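Worksheet: one structure, shown below.
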Amino acid sequence: MPKELTPLEKLQLLVPGYRGYKAKDLMRQDDFLVRQATIMKLETAINNLANSESQIVRSQPFSPLLRNIEDTISEIRTLIGMLNSTQGGGAGIYARYKIHTEQLDEIYKNDLQMVSIADQILTLSNFPDQISQIRTLLATLKAVLLNRAKLFLPPEVR
């Protein structure tokens, strides 16, 4: 009977090259890989939505769905900006305190959640009538990103 994969193993399947923050010097690289995998999925979702938008414009130039798609694309771009500007892998902080196994497990779960949500957004972006679900997922992803930034801080500062 196959066992269920751990969050780390799932992440390693979803993000090629991910090692799981095993060594201090690899922490920034793994963090970068997770953020880039998420960004790539979100950028592809933007492209999918833009393609849908152009098809809708041809047939229904005054559809209210167009405004929703534009607002959603804007939200995705904001999240991509947040991901790009996030301080990578606890840079500067990791040197001051040790991250324990329990904290790593929390980081793995958070990273997996981030990549999985981006995956769901990407899938739904092929269906412009699912904009409300995409926007709900974007709000969840934003909360995950904010929580993720805290995970790289010492517990007493969180």
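Residue numbering restarts at 1 in every chain; chains get A, B, ... in the order shown in the structure tokens, and ligands count up from 1 in that same order.
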Selection near Asp119 of chain A, 12 Å with only C-alpha atoms, sequence-local residues under 2 positions removed, as a PDB file with N, CA, C and O atoms, in the first residue's frame:
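What landed in around12.pdb:
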```pdb
ATOM      1  N   LEU A  14       6.500  19.116  -7.468  1.00  0.00           N
ATOM      2  CA  LEU A  14       5.923  20.288  -8.131  1.00  0.00           C
ATOM      3  C   LEU A  14       6.951  21.301  -8.596  1.00  0.00           C
ATOM      4  O   LEU A  14       6.734  22.015  -9.565  1.00  0.00           O
ATOM      5  N   VAL A  15       8.075  21.411  -7.876  1.00  0.00           N
ATOM      6  CA  VAL A  15       9.092  22.424  -8.177  1.00  0.00           C
ATOM      7  C   VAL A  15      10.421  21.734  -8.477  1.00  0.00           C
ATOM      8  O   VAL A  15      11.132  21.314  -7.566  1.00  0.00           O
ATOM      9  N   ALA A  37       8.364  29.328  -9.353  1.00  0.00           N
ATOM     10  CA  ALA A  37       7.354  28.373  -9.827  1.00  0.00           C
ATOM     11  C   ALA A  37       5.957  28.979  -9.683  1.00  0.00           C
ATOM     12  O   ALA A  37       5.117  28.850 -10.586  1.00  0.00           O
ATOM     13  N   THR A  38       5.718  29.655  -8.576  1.00  0.00           N
ATOM     14  CA  THR A  38       4.425  30.308  -8.347  1.00  0.00           C
ATOM     15  C   THR A  38       4.217  31.439  -9.343  1.00  0.00           C
ATOM     16  O   THR A  38       3.147  31.564  -9.941  1.00  0.00           O
ATOM     17  N   ILE A  39       5.245  32.246  -9.551  1.00  0.00           N
ATOM     18  CA  ILE A  39       5.154  33.370 -10.491  1.00  0.00           C
ATOM     19  C   ILE A  39       4.877  32.867 -11.906  1.00  0.00           C
ATOM     20  O   ILE A  39       4.028  33.434 -12.619  1.00  0.00           O
ATOM     21  N   MET A  40       5.548  31.810 -12.315  1.00  0.00           N
ATOM     22  CA  MET A  40       5.332  31.282 -13.669  1.00  0.00           C
ATOM     23  C   MET A  40       3.884  30.832 -13.862  1.00  0.00           C
ATOM     24  O   MET A  40       3.278  31.089 -14.902  1.00  0.00           O
ATOM     25  N   LYS A  41       3.327  30.190 -12.861  1.00  0.00           N
ATOM     26  CA  LYS A  41       1.936  29.745 -12.952  1.00  0.00           C
ATOM     27  C   LYS A  41       0.997  30.954 -13.035  1.00  0.00           C
ATOM     28  O   LYS A  41       0.046  30.962 -13.828  1.00  0.00           O
ATOM     29  N   LEU A  42       1.274  31.978 -12.231  1.00  0.00           N
ATOM     30  CA  LEU A  42       0.428  33.173 -12.236  1.00  0.00           C
ATOM     31  C   LEU A  42       0.547  33.934 -13.556  1.00  0.00           C
ATOM     32  O   LEU A  42      -0.448  34.456 -14.073  1.00  0.00           O
ATOM     33  N   GLU A  43       1.756  34.014 -14.112  1.00  0.00           N
ATOM     34  CA  GLU A  43       1.934  34.695 -15.403  1.00  0.00           C
ATOM     35  C   GLU A  43       1.203  33.953 -16.522  1.00  0.00           C
ATOM     36  O   GLU A  43       0.612  34.581 -17.401  1.00  0.00           O
ATOM     37  N   THR A  44       1.225  32.647 -16.475  1.00  0.00           N
ATOM     38  CA  THR A  44       0.494  31.861 -17.468  1.00  0.00           C
ATOM     39  C   THR A  44      -1.010  32.080 -17.307  1.00  0.00           C
ATOM     40  O   THR A  44      -1.747  32.167 -18.296  1.00  0.00           O
ATOM     41  N   ALA A  45      -1.457  32.198 -16.063  1.00  0.00           N
ATOM     42  CA  ALA A  45      -2.876  32.478 -15.807  1.00  0.00           C
ATOM     43  C   ALA A  45      -3.260  33.836 -16.403  1.00  0.00           C
ATOM     44  O   ALA A  45      -4.343  33.974 -16.991  1.00  0.00           O
ATOM     45  N   LEU A 112       3.990  24.563  -0.132  1.00  0.00           N
ATOM     46  CA  LEU A 112       3.133  23.658  -0.894  1.00  0.00           C
ATOM     47  C   LEU A 112       1.775  24.305  -1.135  1.00  0.00           C
ATOM     48  O   LEU A 112       1.232  24.242  -2.242  1.00  0.00           O
ATOM     49  N   GLN A 113       1.252  24.944  -0.117  1.00  0.00           N
ATOM     50  CA  GLN A 113      -0.040  25.625  -0.252  1.00  0.00           C
ATOM     51  C   GLN A 113       0.055  26.734  -1.303  1.00  0.00           C
ATOM     52  O   GLN A 113      -0.831  26.872  -2.153  1.00  0.00           O
ATOM     53  N   MET A 114       1.141  27.487  -1.284  1.00  0.00           N
ATOM     54  CA  MET A 114       1.329  28.582  -2.234  1.00  0.00           C
ATOM     55  C   MET A 114       1.372  28.060  -3.672  1.00  0.00           C
ATOM     56  O   MET A 114       0.672  28.569  -4.550  1.00  0.00           O
ATOM     57  N   VAL A 115       2.164  27.032  -3.923  1.00  0.00           N
ATOM     58  CA  VAL A 115       2.288  26.473  -5.270  1.00  0.00           C
ATOM     59  C   VAL A 115       0.968  25.809  -5.690  1.00  0.00           C
ATOM     60  O   VAL A 115       0.541  25.942  -6.840  1.00  0.00           O
ATOM     61  N   SER A 116       0.312  25.137  -4.780  1.00  0.00           N
ATOM     62  CA  SER A 116      -0.956  24.473  -5.095  1.00  0.00           C
ATOM     63  C   SER A 116      -2.054  25.477  -5.448  1.00  0.00           C
ATOM     64  O   SER A 116      -2.829  25.258  -6.386  1.00  0.00           O
ATOM     65  N   ILE A 117      -2.121  26.565  -4.711  1.00  0.00           N
ATOM     66  CA  ILE A 117      -3.119  27.604  -5.010  1.00  0.00           C
ATOM     67  C   ILE A 117      -2.835  28.208  -6.383  1.00  0.00           C
ATOM     68  O   ILE A 117      -3.755  28.421  -7.180  1.00  0.00           O
ATOM     69  N   ILE A 121      -5.329  28.348  -9.610  1.00  0.00           N
ATOM     70  CA  ILE A 121      -5.612  29.589 -10.345  1.00  0.00           C
ATOM     71  C   ILE A 121      -5.319  29.383 -11.828  1.00  0.00           C
ATOM     72  O   ILE A 121      -6.108  29.787 -12.697  1.00  0.00           O
ATOM     73  N   LEU A 122      -4.193  28.751 -12.116  1.00  0.00           N
ATOM     74  CA  LEU A 122      -3.823  28.479 -13.500  1.00  0.00           C
ATOM     75  C   LEU A 122      -4.894  27.621 -14.190  1.00  0.00           C
ATOM     76  O   LEU A 122      -5.319  27.928 -15.300  1.00  0.00           O
ATOM     77  N   THR A 123      -5.356  26.586 -13.533  1.00  0.00           N
ATOM     78  CA  THR A 123      -6.384  25.715 -14.110  1.00  0.00           C
ATOM     79  C   THR A 123      -7.677  26.489 -14.368  1.00  0.00           C
ATOM     80  O   THR A 123      -8.262  26.397 -15.447  1.00  0.00           O
ATOM     81  N   LEU A 124      -8.107  27.281 -13.389  1.00  0.00           N
ATOM     82  CA  LEU A 124      -9.360  28.027 -13.530  1.00  0.00           C
ATOM     83  C   LEU A 124      -9.251  29.164 -14.541  1.00  0.00           C
ATOM     84  O   LEU A 124     -10.271  29.611 -15.071  1.00  0.00           O
ATOM     85  N   SER A 125      -8.040  29.619 -14.814  1.00  0.00           N
ATOM     86  CA  SER A 125      -7.875  30.750 -15.739  1.00  0.00           C
ATOM     87  C   SER A 125      -8.280  30.390 -17.167  1.00  0.00           C
ATOM     88  O   SER A 125      -8.476  31.277 -18.002  1.00  0.00           O
ATOM     89  N   ASN A 126      -8.437  29.118 -17.447  1.00  0.00           N
ATOM     90  CA  ASN A 126      -8.921  28.685 -18.766  1.00  0.00           C
ATOM     91  C   ASN A 126     -10.430  28.825 -18.901  1.00  0.00           C
ATOM     92  O   ASN A 126     -10.975  28.620 -19.979  1.00  0.00           O
ATOM     93  N   ILE A 134     -11.455  32.376  -8.894  1.00  0.00           N
ATOM     94  CA  ILE A 134     -10.059  32.820  -9.015  1.00  0.00           C
ATOM     95  C   ILE A 134      -9.782  33.924  -8.008  1.00  0.00           C
ATOM     96  O   ILE A 134      -8.753  33.904  -7.327  1.00  0.00           O
ATOM     97  N   LEU A 137      -9.369  32.563  -4.583  1.00  0.00           N
ATOM     98  CA  LEU A 137      -8.047  31.934  -4.458  1.00  0.00           C
ATOM     99  C   LEU A 137      -6.942  32.981  -4.366  1.00  0.00           C
ATOM    100  O   LEU A 137      -5.962  32.785  -3.632  1.00  0.00           O
ATOM    101  N   LEU A 138      -7.091  34.087  -5.071  1.00  0.00           N
ATOM    102  CA  LEU A 138      -6.085  35.162  -4.992  1.00  0.00           C
ATOM    103  C   LEU A 138      -6.028  35.748  -3.585  1.00  0.00           C
ATOM    104  O   LEU A 138      -4.938  36.029  -3.075  1.00  0.00           O
ATOM    105  N   LEU A 141      -4.227  33.235  -1.520  1.00  0.00           N
ATOM    106  CA  LEU A 141      -2.793  33.264  -1.839  1.00  0.00           C
ATOM    107  C   LEU A 141      -2.111  34.464  -1.187  1.00  0.00           C
ATOM    108  O   LEU A 141      -1.004  34.340  -0.662  1.00  0.00           O
TER     109      LEU A 141
END
```
Closest-contact table, segment 116-158 of chain A side, partner segment 56-77 of chain A, 9 Å, counting only C-alpha atoms, as CSV:
```
residue,atom,partner,partner_atom,distance
A:Pro128,CA,A:Ile69,CA,7.4
A:Asp129,CA,A:Leu65,CA,7.9
A:Ile131,CA,A:Ile69,CA,6.9
A:Ser132,CA,A:Asn68,CA,8.6
A:Ile134,CA,A:Thr72,CA,7.8
A:Arg135,CA,A:Thr72,CA,6.5
A:Leu138,CA,A:Ile76,CA,7.2
```
What gap, in Å, lies between atom CA of Gly17 of chain A and atom CA of Tyr108 of chain A?
->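 Going from atom CA of Gly17 of chain A over to atom CA of Tyr108 of chain A, I get 14.6 Å.
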Would you mind writing down, as an NGL selection string, each residue of segment 32-153 of chain A that DSSP on the backbone assigns to alpha helix (DSSP H)?
-> :A and (32-59 or 64-85 or 101-124 or 131-151)
Suppose you want the space between atom CA of Leu146 of chain A and atom CA of Ser85 of chain A; what is it in Å?
->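 If I compute the distance from atom CA of Leu146 of chain A to atom CA of Ser85 of chain A, I get 12.3 Å.
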What gap, in Å, lies between atom CA of Asn147 of chain A and atom CA of Glu4 of chain A?
-> 25.4 Å
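Shortest separation to Leu151 of chain A among A:Asn110, A:Thr136, A:Thr6, A:Gln120 occurs at residue A:Asn110, atoms counted being only C-alpha atoms.
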